[in-house]
file data_38.tsv (TSV, N, CA, C and O atoms)
chain	number	residue	atom	x	y	z
C	1	MET	N	-37.76	-33.48	97.71
C	1	MET	CA	-37.16	-34.79	97.80
C	1	MET	C	-35.89	-34.66	98.64
C	1	MET	O	-35.08	-33.77	98.40
C	2	ASN	N	-35.75	-35.58	99.60
C	2	ASN	CA	-34.55	-35.52	100.45
C	2	ASN	C	-33.36	-36.17	99.73
C	2	ASN	O	-33.50	-36.80	98.69
C	3	SER	N	-32.18	-35.99	100.29
C	3	SER	CA	-30.95	-36.47	99.64
C	3	SER	C	-30.89	-37.99	99.57
C	3	SER	O	-30.35	-38.55	98.62
C	4	LYS	N	-31.47	-38.68	100.55
C	4	LYS	CA	-31.49	-40.14	100.54
C	4	LYS	C	-32.34	-40.66	99.38
C	4	LYS	O	-31.95	-41.59	98.67
C	5	THR	N	-33.49	-40.04	99.16
C	5	THR	CA	-34.36	-40.43	98.05
C	5	THR	C	-33.68	-40.12	96.72
C	5	THR	O	-33.72	-40.92	95.80
C	6	ALA	N	-33.03	-38.98	96.64
C	6	ALA	CA	-32.33	-38.61	95.41
C	6	ALA	C	-31.22	-39.60	95.09
C	6	ALA	O	-31.03	-39.98	93.93
C	7	ALA	N	-30.49	-40.04	96.11
C	7	ALA	CA	-29.41	-41.01	95.89
C	7	ALA	C	-29.97	-42.34	95.40
C	7	ALA	O	-29.42	-42.95	94.48
C	8	LYS	N	-31.07	-42.79	95.99
C	8	LYS	CA	-31.69	-44.04	95.55
C	8	LYS	C	-32.26	-43.90	94.13
C	8	LYS	O	-32.20	-44.84	93.35
C	9	ALA	N	-32.80	-42.74	93.80
C	9	ALA	CA	-33.30	-42.50	92.45
C	9	ALA	C	-32.17	-42.67	91.43
C	9	ALA	O	-32.38	-43.25	90.36
C	10	ASP	N	-30.99	-42.19	91.77
C	10	ASP	CA	-29.84	-42.36	90.88
C	10	ASP	C	-29.45	-43.83	90.74
C	10	ASP	O	-29.18	-44.30	89.64
C	11	ILE	N	-29.44	-44.55	91.84
C	11	ILE	CA	-29.09	-45.98	91.79
C	11	ILE	C	-30.07	-46.75	90.92
C	11	ILE	O	-29.69	-47.56	90.08
C	12	TYR	N	-31.37	-46.52	91.13
C	12	TYR	CA	-32.41	-47.25	90.40
C	12	TYR	C	-32.72	-46.64	89.05
C	12	TYR	O	-33.59	-47.13	88.33
C	13	ARG	N	-32.05	-45.53	88.72
C	13	ARG	CA	-32.26	-44.83	87.45
C	13	ARG	C	-33.71	-44.37	87.27
C	13	ARG	O	-34.30	-44.52	86.21
C	14	LEU	N	-34.27	-43.83	88.34
C	14	LEU	CA	-35.63	-43.31	88.30
C	14	LEU	C	-35.61	-41.82	87.99
C	14	LEU	O	-34.82	-41.08	88.56
C	15	GLN	N	-36.49	-41.43	87.08
C	15	GLN	CA	-36.64	-40.02	86.76
C	15	GLN	C	-37.31	-39.31	87.93
C	15	GLN	O	-38.22	-39.84	88.54
C	16	ARG	N	-36.89	-38.12	88.21
C	16	ARG	CA	-37.51	-37.34	89.29
C	16	ARG	C	-38.84	-36.74	88.84
C	16	ARG	O	-39.74	-36.58	89.64
C	17	ALA	N	-38.95	-36.38	87.57
C	17	ALA	CA	-40.20	-35.88	86.98
C	17	ALA	C	-40.40	-36.58	85.65
C	17	ALA	O	-39.46	-36.72	84.86
C	18	ILE	N	-41.64	-37.04	85.41
C	18	ILE	CA	-41.92	-37.86	84.24
C	18	ILE	C	-43.44	-37.91	84.07
C	18	ILE	O	-44.17	-37.38	84.91
C	19	THR	N	-43.93	-38.51	83.01
C	19	THR	CA	-45.36	-38.75	82.87
C	19	THR	C	-45.63	-40.21	83.25
C	19	THR	O	-44.74	-41.06	83.13
C	20	PRO	N	-46.86	-40.54	83.66
C	20	PRO	CA	-47.17	-41.94	83.97
C	20	PRO	C	-46.93	-42.86	82.76
C	20	PRO	O	-46.46	-43.98	82.92
C	21	GLU	N	-47.24	-42.37	81.58
C	21	GLU	CA	-47.03	-43.18	80.37
C	21	GLU	C	-45.56	-43.52	80.18
C	21	GLU	O	-45.20	-44.68	79.94
C	22	ASP	N	-44.69	-42.53	80.29
C	22	ASP	CA	-43.26	-42.79	80.13
C	22	ASP	C	-42.71	-43.67	81.25
C	22	ASP	O	-41.85	-44.52	81.03
C	23	LEU	N	-43.21	-43.47	82.46
C	23	LEU	CA	-42.78	-44.30	83.58
C	23	LEU	C	-43.19	-45.75	83.35
C	23	LEU	O	-42.40	-46.67	83.59
C	24	GLU	N	-44.41	-45.97	82.88
C	24	GLU	CA	-44.87	-47.33	82.63
C	24	GLU	C	-44.01	-48.01	81.56
C	24	GLU	O	-43.64	-49.17	81.70
C	25	LEU	N	-43.69	-47.30	80.50
C	25	LEU	CA	-42.83	-47.87	79.45
C	25	LEU	C	-41.47	-48.24	80.01
C	25	LEU	O	-40.93	-49.30	79.71
C	26	LYS	N	-40.91	-47.38	80.84
C	26	LYS	CA	-39.61	-47.66	81.45
C	26	LYS	C	-39.69	-48.87	82.39
C	26	LYS	O	-38.83	-49.74	82.35
C	27	MET	N	-40.72	-48.93	83.21
C	27	MET	CA	-40.85	-50.01	84.18
C	27	MET	C	-41.12	-51.35	83.52
C	27	MET	O	-40.57	-52.37	83.94
C	28	MET	N	-41.95	-51.39	82.49
C	28	MET	CA	-42.32	-52.68	81.90
C	28	MET	C	-41.13	-53.36	81.23
C	28	MET	O	-41.08	-54.58	81.15
C	29	HIS	N	-40.15	-52.60	80.81
C	29	HIS	CA	-38.96	-53.20	80.20
C	29	HIS	C	-37.93	-53.61	81.24
C	29	HIS	O	-37.00	-54.33	80.93
C	30	GLY	N	-38.12	-53.17	82.47
C	30	GLY	CA	-37.16	-53.49	83.52
C	30	GLY	C	-37.73	-54.39	84.60
C	30	GLY	O	-37.18	-54.47	85.69
C	31	GLY	N	-38.87	-55.03	84.35
C	31	GLY	CA	-39.45	-55.94	85.33
C	31	GLY	C	-40.28	-55.27	86.40
C	31	GLY	O	-40.58	-55.88	87.42
C	32	GLY	N	-40.68	-54.03	86.20
C	32	GLY	CA	-41.44	-53.31	87.21
C	32	GLY	C	-42.93	-53.21	86.89
C	32	GLY	O	-43.39	-53.61	85.84
C	33	THR	N	-43.66	-52.64	87.83
C	33	THR	CA	-45.11	-52.48	87.74
C	33	THR	C	-45.49	-51.12	88.29
C	33	THR	O	-44.89	-50.67	89.25
C	34	ILE	N	-46.51	-50.49	87.70
C	34	ILE	CA	-47.02	-49.25	88.27
C	34	ILE	C	-48.53	-49.32	88.40
C	34	ILE	O	-49.19	-50.01	87.62
C	35	PHE	N	-49.07	-48.61	89.40
C	35	PHE	CA	-50.51	-48.50	89.63
C	35	PHE	C	-50.84	-47.05	89.93
C	35	PHE	O	-50.11	-46.39	90.67
C	36	THR	N	-51.95	-46.59	89.40
C	36	THR	CA	-52.47	-45.29	89.80
C	36	THR	C	-53.35	-45.52	91.01
C	36	THR	O	-54.20	-46.40	91.02
C	37	PHE	N	-53.13	-44.74	92.07
C	37	PHE	CA	-53.86	-44.89	93.32
C	37	PHE	C	-54.17	-43.49	93.81
C	37	PHE	O	-53.33	-42.83	94.41
C	38	SER	N	-55.38	-43.01	93.48
C	38	SER	CA	-55.81	-41.65	93.81
C	38	SER	C	-54.91	-40.65	93.09
C	38	SER	O	-54.80	-40.71	91.87
C	39	ASP	N	-54.25	-39.77	93.82
C	39	ASP	CA	-53.38	-38.78	93.18
C	39	ASP	C	-51.91	-39.22	93.17
C	39	ASP	O	-51.01	-38.43	92.99
C	40	ARG	N	-51.70	-40.51	93.36
C	40	ARG	CA	-50.34	-41.07	93.42
C	40	ARG	C	-50.15	-42.15	92.37
C	40	ARG	O	-51.10	-42.79	91.93
C	41	ILE	N	-48.91	-42.37	92.03
C	41	ILE	CA	-48.51	-43.50	91.19
C	41	ILE	C	-47.61	-44.36	92.06
C	41	ILE	O	-46.59	-43.90	92.57
C	42	LEU	N	-48.00	-45.61	92.26
C	42	LEU	CA	-47.24	-46.55	93.08
C	42	LEU	C	-46.40	-47.43	92.16
C	42	LEU	O	-46.90	-47.93	91.15
C	43	VAL	N	-45.16	-47.64	92.54
C	43	VAL	CA	-44.22	-48.36	91.70
C	43	VAL	C	-43.61	-49.53	92.46
C	43	VAL	O	-43.21	-49.39	93.61
C	44	ALA	N	-43.55	-50.67	91.80
C	44	ALA	CA	-42.72	-51.79	92.25
C	44	ALA	C	-41.66	-51.95	91.17
C	44	ALA	O	-41.97	-52.34	90.05
C	45	GLY	N	-40.45	-51.59	91.50
C	45	GLY	CA	-39.37	-51.66	90.53
C	45	GLY	C	-38.44	-52.83	90.83
C	45	GLY	O	-38.45	-53.38	91.93
C	46	TYR	N	-37.64	-53.18	89.83
C	46	TYR	CA	-36.70	-54.28	89.97
C	46	TYR	C	-35.29	-53.77	89.73
C	46	TYR	O	-35.03	-53.06	88.76
C	47	TYR	N	-34.39	-54.12	90.64
C	47	TYR	CA	-32.97	-53.79	90.51
C	47	TYR	C	-32.21	-54.95	91.12
C	47	TYR	O	-32.39	-55.26	92.29
C	48	TYR	N	-31.38	-55.60	90.35
C	48	TYR	CA	-30.74	-56.83	90.82
C	48	TYR	C	-29.88	-56.62	92.07
C	48	TYR	O	-29.03	-55.74	92.11
C	49	TYR	N	-30.14	-57.43	93.07
C	49	TYR	CA	-29.31	-57.55	94.26
C	49	TYR	C	-29.00	-59.03	94.45
C	49	TYR	O	-29.89	-59.86	94.36
C	50	PRO	N	-27.77	-59.39	94.75
C	50	PRO	CA	-27.42	-60.80	94.91
C	50	PRO	C	-28.08	-61.47	96.12
C	50	PRO	O	-28.13	-62.69	96.20
C	51	ASN	N	-28.64	-60.69	97.05
C	51	ASN	CA	-29.28	-61.29	98.23
C	51	ASN	C	-30.69	-61.81	97.94
C	51	ASN	O	-31.34	-62.34	98.83
C	52	GLY	N	-31.17	-61.63	96.70
C	52	GLY	CA	-32.48	-62.13	96.32
C	52	GLY	C	-33.62	-61.17	96.59
C	52	GLY	O	-34.75	-61.42	96.21
C	53	ARG	N	-33.35	-60.08	97.26
C	53	ARG	CA	-34.40	-59.08	97.55
C	53	ARG	C	-34.19	-57.92	96.57
C	53	ARG	O	-33.62	-56.90	96.91
C	54	SER	N	-34.67	-58.12	95.35
C	54	SER	CA	-34.36	-57.21	94.25
C	54	SER	C	-35.43	-56.20	93.91
C	54	SER	O	-35.29	-55.45	92.96
C	55	TYR	N	-36.53	-56.15	94.65
C	55	TYR	CA	-37.62	-55.22	94.34
C	55	TYR	C	-37.61	-54.05	95.32
C	55	TYR	O	-37.28	-54.21	96.49
C	56	TYR	N	-37.98	-52.89	94.83
C	56	TYR	CA	-38.11	-51.70	95.67
C	56	TYR	C	-39.46	-51.06	95.41
C	56	TYR	O	-40.09	-51.29	94.37
C	57	GLY	N	-39.92	-50.28	96.33
C	57	GLY	CA	-41.15	-49.52	96.15
C	57	GLY	C	-40.82	-48.05	95.96
C	57	GLY	O	-39.83	-47.55	96.50
C	58	ALA	N	-41.64	-47.37	95.18
C	58	ALA	CA	-41.48	-45.93	94.98
C	58	ALA	C	-42.86	-45.30	94.84
C	58	ALA	O	-43.82	-45.98	94.46
C	59	ILE	N	-42.93	-44.03	95.17
C	59	ILE	CA	-44.19	-43.30	95.08
C	59	ILE	C	-43.95	-42.00	94.33
C	59	ILE	O	-43.02	-41.25	94.64
C	60	TYR	N	-44.80	-41.77	93.34
C	60	TYR	CA	-44.84	-40.51	92.61
C	60	TYR	C	-46.17	-39.84	92.92
C	60	TYR	O	-47.13	-40.50	93.31
C	61	ARG	N	-46.26	-38.53	92.69
C	61	ARG	CA	-47.55	-37.85	92.83
C	61	ARG	C	-47.73	-36.91	91.64
C	61	ARG	O	-46.75	-36.41	91.07
C	62	PHE	N	-49.00	-36.71	91.29
C	62	PHE	CA	-49.31	-35.78	90.20
C	62	PHE	C	-48.99	-34.36	90.65
C	62	PHE	O	-49.26	-33.98	91.79
C	63	THR	N	-48.45	-33.57	89.75
C	63	THR	CA	-48.10	-32.19	90.07
C	63	THR	C	-49.10	-31.19	89.51
C	63	THR	O	-49.01	-30.01	89.83
C	64	THR	N	-50.03	-31.66	88.69
C	64	THR	CA	-51.06	-30.80	88.11
C	64	THR	C	-52.41	-31.50	88.24
C	64	THR	O	-52.48	-32.63	88.71
C	65	GLY	N	-53.45	-30.86	87.78
C	65	GLY	CA	-54.78	-31.44	87.80
C	65	GLY	C	-54.99	-32.49	86.71
C	65	GLY	O	-56.00	-33.19	86.71
C	66	ASP	N	-54.05	-32.63	85.82
C	66	ASP	CA	-54.14	-33.62	84.74
C	66	ASP	C	-53.69	-34.98	85.28
C	66	ASP	O	-52.50	-35.24	85.40
C	67	HIS	N	-54.64	-35.84	85.61
C	67	HIS	CA	-54.32	-37.15	86.15
C	67	HIS	C	-54.46	-38.25	85.10
C	67	HIS	O	-54.76	-39.39	85.40
C	68	THR	N	-54.20	-37.89	83.85
C	68	THR	CA	-54.20	-38.87	82.76
C	68	THR	C	-52.78	-39.39	82.59
C	68	THR	O	-51.85	-38.99	83.30
C	69	CYS	N	-52.60	-40.24	81.59
C	69	CYS	CA	-51.27	-40.80	81.34
C	69	CYS	C	-50.28	-39.73	80.87
C	69	CYS	O	-49.08	-39.95	80.89
C	70	GLU	N	-50.77	-38.56	80.50
C	70	GLU	CA	-49.91	-37.49	80.01
C	70	GLU	C	-49.63	-36.43	81.07
C	70	GLU	O	-48.90	-35.48	80.83
C	71	GLY	N	-50.23	-36.57	82.26
C	71	GLY	CA	-49.99	-35.60	83.33
C	71	GLY	C	-48.58	-35.72	83.87
C	71	GLY	O	-47.94	-36.76	83.76
C	72	GLN	N	-48.11	-34.67	84.47
C	72	GLN	CA	-46.77	-34.69	85.06
C	72	GLN	C	-46.82	-35.26	86.47
C	72	GLN	O	-47.72	-34.94	87.25
C	73	ILE	N	-45.84	-36.09	86.79
C	73	ILE	CA	-45.70	-36.65	88.13
C	73	ILE	C	-44.27	-36.43	88.62
C	73	ILE	O	-43.35	-36.27	87.81
C	74	GLU	N	-44.12	-36.41	89.95
C	74	GLU	CA	-42.79	-36.25	90.52
C	74	GLU	C	-42.55	-37.33	91.57
C	74	GLU	O	-43.47	-37.75	92.27
C	75	LEU	N	-41.32	-37.76	91.67
C	75	LEU	CA	-40.92	-38.77	92.65
C	75	LEU	C	-40.92	-38.15	94.03
C	75	LEU	O	-40.36	-37.07	94.24
C	76	ILE	N	-41.57	-38.84	94.99
C	76	ILE	CA	-41.57	-38.30	96.36
C	76	ILE	C	-40.95	-39.24	97.38
C	76	ILE	O	-40.51	-38.80	98.43
C	77	SER	N	-40.92	-40.55	97.09
C	77	SER	CA	-40.39	-41.47	98.09
C	77	SER	C	-39.95	-42.79	97.45
C	77	SER	O	-40.55	-43.23	96.47
C	78	ILE	N	-38.93	-43.38	98.04
C	78	ILE	CA	-38.44	-44.71	97.64
C	78	ILE	C	-38.20	-45.50	98.91
C	78	ILE	O	-37.67	-44.97	99.90
C	79	SER	N	-38.56	-46.78	98.90
C	79	SER	CA	-38.38	-47.62	100.08
C	79	SER	C	-36.90	-47.70	100.46
C	79	SER	O	-36.02	-47.75	99.60
C	80	GLU	N	-36.65	-47.71	101.76
C	80	GLU	CA	-35.28	-47.85	102.23
C	80	GLU	C	-34.80	-49.29	102.07
C	80	GLU	O	-33.63	-49.54	101.81
C	81	ASP	N	-35.72	-50.24	102.25
C	81	ASP	CA	-35.38	-51.66	102.11
C	81	ASP	C	-35.78	-52.16	100.73
C	81	ASP	O	-36.57	-51.54	100.02
C	82	THR	N	-35.25	-53.31	100.38
C	82	THR	CA	-35.68	-54.00	99.18
C	82	THR	C	-36.53	-55.19	99.60
C	82	THR	O	-36.51	-55.60	100.76
C	83	PHE	N	-37.27	-55.75	98.63
C	83	PHE	CA	-38.26	-56.78	98.94
C	83	PHE	C	-38.04	-58.02	98.07
C	83	PHE	O	-37.41	-57.95	97.03
C	84	GLU	N	-38.63	-59.13	98.50
C	84	GLU	CA	-38.47	-60.40	97.80
C	84	GLU	C	-39.33	-60.49	96.54
C	84	GLU	O	-39.06	-61.31	95.67
C	85	ASP	N	-40.37	-59.66	96.43
C	85	ASP	CA	-41.22	-59.69	95.24
C	85	ASP	C	-41.91	-58.34	95.07
C	85	ASP	O	-41.87	-57.49	95.94
C	86	ASN	N	-42.57	-58.17	93.91
C	86	ASN	CA	-43.20	-56.88	93.63
C	86	ASN	C	-44.46	-56.66	94.47
C	86	ASN	O	-44.85	-55.52	94.72
C	87	GLY	N	-45.10	-57.71	94.95
C	87	GLY	CA	-46.27	-57.56	95.82
C	87	GLY	C	-45.91	-56.87	97.12
C	87	GLY	O	-46.63	-55.98	97.59
C	88	HIS	N	-44.81	-57.25	97.73
C	88	HIS	CA	-44.36	-56.60	98.96
C	88	HIS	C	-43.94	-55.15	98.70
C	88	HIS	O	-44.15	-54.27	99.54
C	89	ALA	N	-43.36	-54.90	97.54
C	89	ALA	CA	-42.96	-53.53	97.20
C	89	ALA	C	-44.19	-52.64	97.05
C	89	ALA	O	-44.22	-51.51	97.54
C	90	ILE	N	-45.23	-53.14	96.39
C	90	ILE	CA	-46.47	-52.37	96.23
C	90	ILE	C	-47.15	-52.21	97.59
C	90	ILE	O	-47.71	-51.14	97.90
C	91	ALA	N	-47.13	-53.23	98.44
C	91	ALA	CA	-47.71	-53.11	99.79
C	91	ALA	C	-47.02	-51.99	100.56
C	91	ALA	O	-47.68	-51.20	101.25
C	92	TRP	N	-45.70	-51.88	100.43
C	92	TRP	CA	-44.98	-50.78	101.07
C	92	TRP	C	-45.48	-49.45	100.52
C	92	TRP	O	-45.77	-48.52	101.30
C	93	ALA	N	-45.60	-49.35	99.20
C	93	ALA	CA	-46.04	-48.09	98.58
C	93	ALA	C	-47.46	-47.71	99.03
C	93	ALA	O	-47.73	-46.56	99.30
C	94	MET	N	-48.34	-48.70	99.14
C	94	MET	CA	-49.71	-48.42	99.56
C	94	MET	C	-49.75	-47.95	101.02
C	94	MET	O	-50.57	-47.11	101.39
C	95	ALA	N	-48.87	-48.49	101.84
C	95	ALA	CA	-48.85	-48.12	103.26
C	95	ALA	C	-48.19	-46.77	103.50
C	95	ALA	O	-48.34	-46.19	104.56
C	96	ASN	N	-47.47	-46.29	102.52
C	96	ASN	CA	-46.75	-45.01	102.68
C	96	ASN	C	-47.36	-43.93	101.83
C	96	ASN	O	-46.91	-42.89	101.62

call {"tool": "encode", "arguments": {"input": "data_38.tsv", "output": "structure tokens"}}
result
Amino acid sequence: MNSKTAAKADIYRLQRAITPEDLELKMMHGGGTIFTFSDRILVAGYYYYPNGRSYYGAIYRFTTGDHTCEGQIELISISEDTFEDNGHAIAWAMAN
């Protein structure tokens, strides 16, 4: 993970390593959404910005062969921009 991603992870309070189950619990209480997409977990998270573009995209990947809700995942990328809704955030994650 590069320093820019690490800094954004701190701002958005994203864990660098977590399970999909724990990530989903964290996201659902904060207005976010997660999807499993092959060996990746795509995230649309919410973090208030006064400009109205409060959603960000993030991508995790499985670190082991266990691709269940209990498998370990690690953060690999966070969008540089924020988005107007979670659909655009997920579209960014799918494209990256």

call {"tool": "residues_around", "arguments": {"input": "data_38.tsv", "residues": "Gln15 of chain C", "least_positions_apart": "5", "cutoff": "8 Å", "atoms": "all atoms listed in the file", "output": "PyMOL selection string"}}
result
chain C and resi 9-10+23+59-60+73-76

call {"tool": "residues_around", "arguments": {"input": "data_38.tsv", "residues": "Tyr12 of chain C", "least_positions_apart": "6", "cutoff": "8 Å", "atoms": "all atoms listed in the file", "output": "ChimeraX atom specification"}}
result
/C:5-6,45-47

call {"tool": "write_last_selection", "arguments": {"input": "data_38.tsv", "atoms": "N, CA, C and O atoms", "output": "mmCIF file, in the frame of the given file"}}
result
data_model
loop_
_atom_site.group_PDB
_atom_site.id
_atom_site.type_symbol
_atom_site.label_atom_id
_atom_site.label_comp_id
_atom_site.auth_asym_id
_atom_site.auth_seq_id
_atom_site.Cartn_x
_atom_site.Cartn_y
_atom_site.Cartn_z
ATOM 1 N N THR C 5 -33.490 -40.040 99.160
ATOM 2 C CA THR C 5 -34.360 -40.430 98.050
ATOM 3 C C THR C 5 -33.680 -40.120 96.720
ATOM 4 O O THR C 5 -33.720 -40.920 95.800
ATOM 5 N N ALA C 6 -33.030 -38.980 96.640
ATOM 6 C CA ALA C 6 -32.330 -38.610 95.410
ATOM 7 C C ALA C 6 -31.220 -39.600 95.090
ATOM 8 O O ALA C 6 -31.030 -39.980 93.930
ATOM 9 N N GLY C 45 -40.450 -51.590 91.500
ATOM 10 C CA GLY C 45 -39.370 -51.660 90.530
ATOM 11 C C GLY C 45 -38.440 -52.830 90.830
ATOM 12 O O GLY C 45 -38.450 -53.380 91.930
ATOM 13 N N TYR C 46 -37.640 -53.180 89.830
ATOM 14 C CA TYR C 46 -36.700 -54.280 89.970
ATOM 15 C C TYR C 46 -35.290 -53.770 89.730
ATOM 16 O O TYR C 46 -35.030 -53.060 88.760
ATOM 17 N N TYR C 47 -34.390 -54.120 90.640
ATOM 18 C CA TYR C 47 -32.970 -53.790 90.510
ATOM 19 C C TYR C 47 -32.210 -54.950 91.120
ATOM 20 O O TYR C 47 -32.390 -55.260 92.290
#

call {"tool": "select_by_dssp", "arguments": {"input": "data_38.tsv", "residues": "chain C", "states": "strand (DSSP E)", "output": "PyMOL selection string"}}
result
chain C and resi 17-18+33-37+40-46+55-62+73-78

call {"tool": "residues_around", "arguments": {"input": "data_38.tsv", "residues": "segment 79-87 of chain C", "least_positions_apart": "3", "cutoff": "12 Å", "atoms": "only C-alpha atoms", "output": "compact mmCIF listing (two decimals) with N, CA, C and O atoms, in the frame of the given file"}}
result
# COMPACT_ATOMS: atom_id res chain seq x y z
N LYS C 4 -31.47 -38.68 100.55
CA LYS C 4 -31.49 -40.14 100.54
C LYS C 4 -32.34 -40.66 99.38
O LYS C 4 -31.95 -41.59 98.67
N THR C 5 -33.49 -40.04 99.16
CA THR C 5 -34.36 -40.43 98.05
C THR C 5 -33.68 -40.12 96.72
O THR C 5 -33.72 -40.92 95.80
N ALA C 6 -33.03 -38.98 96.64
CA ALA C 6 -32.33 -38.61 95.41
C ALA C 6 -31.22 -39.60 95.09
O ALA C 6 -31.03 -39.98 93.93
N ALA C 7 -30.49 -40.04 96.11
CA ALA C 7 -29.41 -41.01 95.89
C ALA C 7 -29.97 -42.34 95.40
O ALA C 7 -29.42 -42.95 94.48
N LYS C 8 -31.07 -42.79 95.99
CA LYS C 8 -31.69 -44.04 95.55
C LYS C 8 -32.26 -43.90 94.13
O LYS C 8 -32.20 -44.84 93.35
N ALA C 9 -32.80 -42.74 93.80
CA ALA C 9 -33.30 -42.50 92.45
C ALA C 9 -32.17 -42.67 91.43
O ALA C 9 -32.38 -43.25 90.36
N TYR C 12 -31.37 -46.52 91.13
CA TYR C 12 -32.41 -47.25 90.40
C TYR C 12 -32.72 -46.64 89.05
O TYR C 12 -33.59 -47.13 88.33
N MET C 27 -40.72 -48.93 83.21
CA MET C 27 -40.85 -50.01 84.18
C MET C 27 -41.12 -51.35 83.52
O MET C 27 -40.57 -52.37 83.94
N GLY C 31 -38.87 -55.03 84.35
CA GLY C 31 -39.45 -55.94 85.33
C GLY C 31 -40.28 -55.27 86.40
O GLY C 31 -40.58 -55.88 87.42
N GLY C 32 -40.68 -54.03 86.20
CA GLY C 32 -41.44 -53.31 87.21
C GLY C 32 -42.93 -53.21 86.89
O GLY C 32 -43.39 -53.61 85.84
N THR C 33 -43.66 -52.64 87.83
CA THR C 33 -45.11 -52.48 87.74
C THR C 33 -45.49 -51.12 88.29
O THR C 33 -44.89 -50.67 89.25
N ILE C 34 -46.51 -50.49 87.70
CA ILE C 34 -47.02 -49.25 88.27
C ILE C 34 -48.53 -49.32 88.40
O ILE C 34 -49.19 -50.01 87.62
N PHE C 35 -49.07 -48.61 89.40
CA PHE C 35 -50.51 -48.50 89.63
C PHE C 35 -50.84 -47.05 89.93
O PHE C 35 -50.11 -46.39 90.67
N LEU C 42 -48.00 -45.61 92.26
CA LEU C 42 -47.24 -46.55 93.08
C LEU C 42 -46.40 -47.43 92.16
O LEU C 42 -46.90 -47.93 91.15
N VAL C 43 -45.16 -47.64 92.54
CA VAL C 43 -44.22 -48.36 91.70
C VAL C 43 -43.61 -49.53 92.46
O VAL C 43 -43.21 -49.39 93.61
N ALA C 44 -43.55 -50.67 91.80
CA ALA C 44 -42.72 -51.79 92.25
C ALA C 44 -41.66 -51.95 91.17
O ALA C 44 -41.97 -52.34 90.05
N GLY C 45 -40.45 -51.59 91.50
CA GLY C 45 -39.37 -51.66 90.53
C GLY C 45 -38.44 -52.83 90.83
O GLY C 45 -38.45 -53.38 91.93
N TYR C 46 -37.64 -53.18 89.83
CA TYR C 46 -36.70 -54.28 89.97
C TYR C 46 -35.29 -53.77 89.73
O TYR C 46 -35.03 -53.06 88.76
N TYR C 47 -34.39 -54.12 90.64
CA TYR C 47 -32.97 -53.79 90.51
C TYR C 47 -32.21 -54.95 91.12
O TYR C 47 -32.39 -55.26 92.29
N TYR C 48 -31.38 -55.60 90.35
CA TYR C 48 -30.74 -56.83 90.82
C TYR C 48 -29.88 -56.62 92.07
O TYR C 48 -29.03 -55.74 92.11
N TYR C 49 -30.14 -57.43 93.07
CA TYR C 49 -29.31 -57.55 94.26
C TYR C 49 -29.00 -59.03 94.45
O TYR C 49 -29.89 -59.86 94.36
N PRO C 50 -27.77 -59.39 94.75
CA PRO C 50 -27.42 -60.80 94.91
C PRO C 50 -28.08 -61.47 96.12
O PRO C 50 -28.13 -62.69 96.20
N ASN C 51 -28.64 -60.69 97.05
CA ASN C 51 -29.28 -61.29 98.23
C ASN C 51 -30.69 -61.81 97.94
O ASN C 51 -31.34 -62.34 98.83
N GLY C 52 -31.17 -61.63 96.70
CA GLY C 52 -32.48 -62.13 96.32
C GLY C 52 -33.62 -61.17 96.59
O GLY C 52 -34.75 -61.42 96.21
N ARG C 53 -33.35 -60.08 97.26
CA ARG C 53 -34.40 -59.08 97.55
C ARG C 53 -34.19 -57.92 96.57
O ARG C 53 -33.62 -56.90 96.91
N SER C 54 -34.67 -58.12 95.35
CA SER C 54 -34.36 -57.21 94.25
C SER C 54 -35.43 -56.20 93.91
O SER C 54 -35.29 -55.45 92.96
N TYR C 55 -36.53 -56.15 94.65
CA TYR C 55 -37.62 -55.22 94.34
C TYR C 55 -37.61 -54.05 95.32
O TYR C 55 -37.28 -54.21 96.49
N TYR C 56 -37.98 -52.89 94.83
CA TYR C 56 -38.11 -51.70 95.67
C TYR C 56 -39.46 -51.06 95.41
O TYR C 56 -40.09 -51.29 94.37
N GLY C 57 -39.92 -50.28 96.33
CA GLY C 57 -41.15 -49.52 96.15
C GLY C 57 -40.82 -48.05 95.96
O GLY C 57 -39.83 -47.55 96.50
N ALA C 58 -41.64 -47.37 95.18
CA ALA C 58 -41.48 -45.93 94.98
C ALA C 58 -42.86 -45.30 94.84
O ALA C 58 -43.82 -45.98 94.46
N ILE C 59 -42.93 -44.03 95.17
CA ILE C 59 -44.19 -43.30 95.08
C ILE C 59 -43.95 -42.00 94.33
O ILE C 59 -43.02 -41.25 94.64
N LEU C 75 -41.32 -37.76 91.67
CA LEU C 75 -40.92 -38.77 92.65
C LEU C 75 -40.92 -38.15 94.03
O LEU C 75 -40.36 -37.07 94.24
N ILE C 76 -41.57 -38.84 94.99
CA ILE C 76 -41.57 -38.30 96.36
C ILE C 76 -40.95 -39.24 97.38
O ILE C 76 -40.51 -38.80 98.43
N ILE C 90 -45.23 -53.14 96.39
CA ILE C 90 -46.47 -52.37 96.23
C ILE C 90 -47.15 -52.21 97.59
O ILE C 90 -47.71 -51.14 97.90
N ALA C 91 -47.13 -53.23 98.44
CA ALA C 91 -47.71 -53.11 99.79
C ALA C 91 -47.02 -51.99 100.56
O ALA C 91 -47.68 -51.20 101.25
N TRP C 92 -45.70 -51.88 100.43
CA TRP C 92 -44.98 -50.78 101.07
C TRP C 92 -45.48 -49.45 100.52
O TRP C 92 -45.77 -48.52 101.30
N ALA C 93 -45.60 -49.35 99.20
CA ALA C 93 -46.04 -48.09 98.58
C ALA C 93 -47.46 -47.71 99.03
O ALA C 93 -47.73 -46.56 99.30
N MET C 94 -48.34 -48.70 99.14
CA MET C 94 -49.71 -48.42 99.56
C MET C 94 -49.75 -47.95 101.02
O MET C 94 -50.57 -47.11 101.39
N ALA C 95 -48.87 -48.49 101.84
CA ALA C 95 -48.85 -48.12 103.26
C ALA C 95 -48.19 -46.77 103.50
O ALA C 95 -48.34 -46.19 104.56
N ASN C 96 -47.47 -46.29 102.52
CA ASN C 96 -46.75 -45.01 102.68
C ASN C 96 -47.36 -43.93 101.83
O ASN C 96 -46.91 -42.89 101.62

call {"tool": "select_by_dssp", "arguments": {"input": "data_38.tsv", "residues": "chain C", "states": "helix (DSSP H, G or I)", "output": "JSON, numbers by chain"}}
result
{"C": [3, 4, 5, 6, 7, 8, 9, 10, 11, 12, 20, 21, 22, 23, 24, 25, 26, 27, 28, 29, 86, 87, 88, 89, 90, 91, 92, 93, 94, 95]}
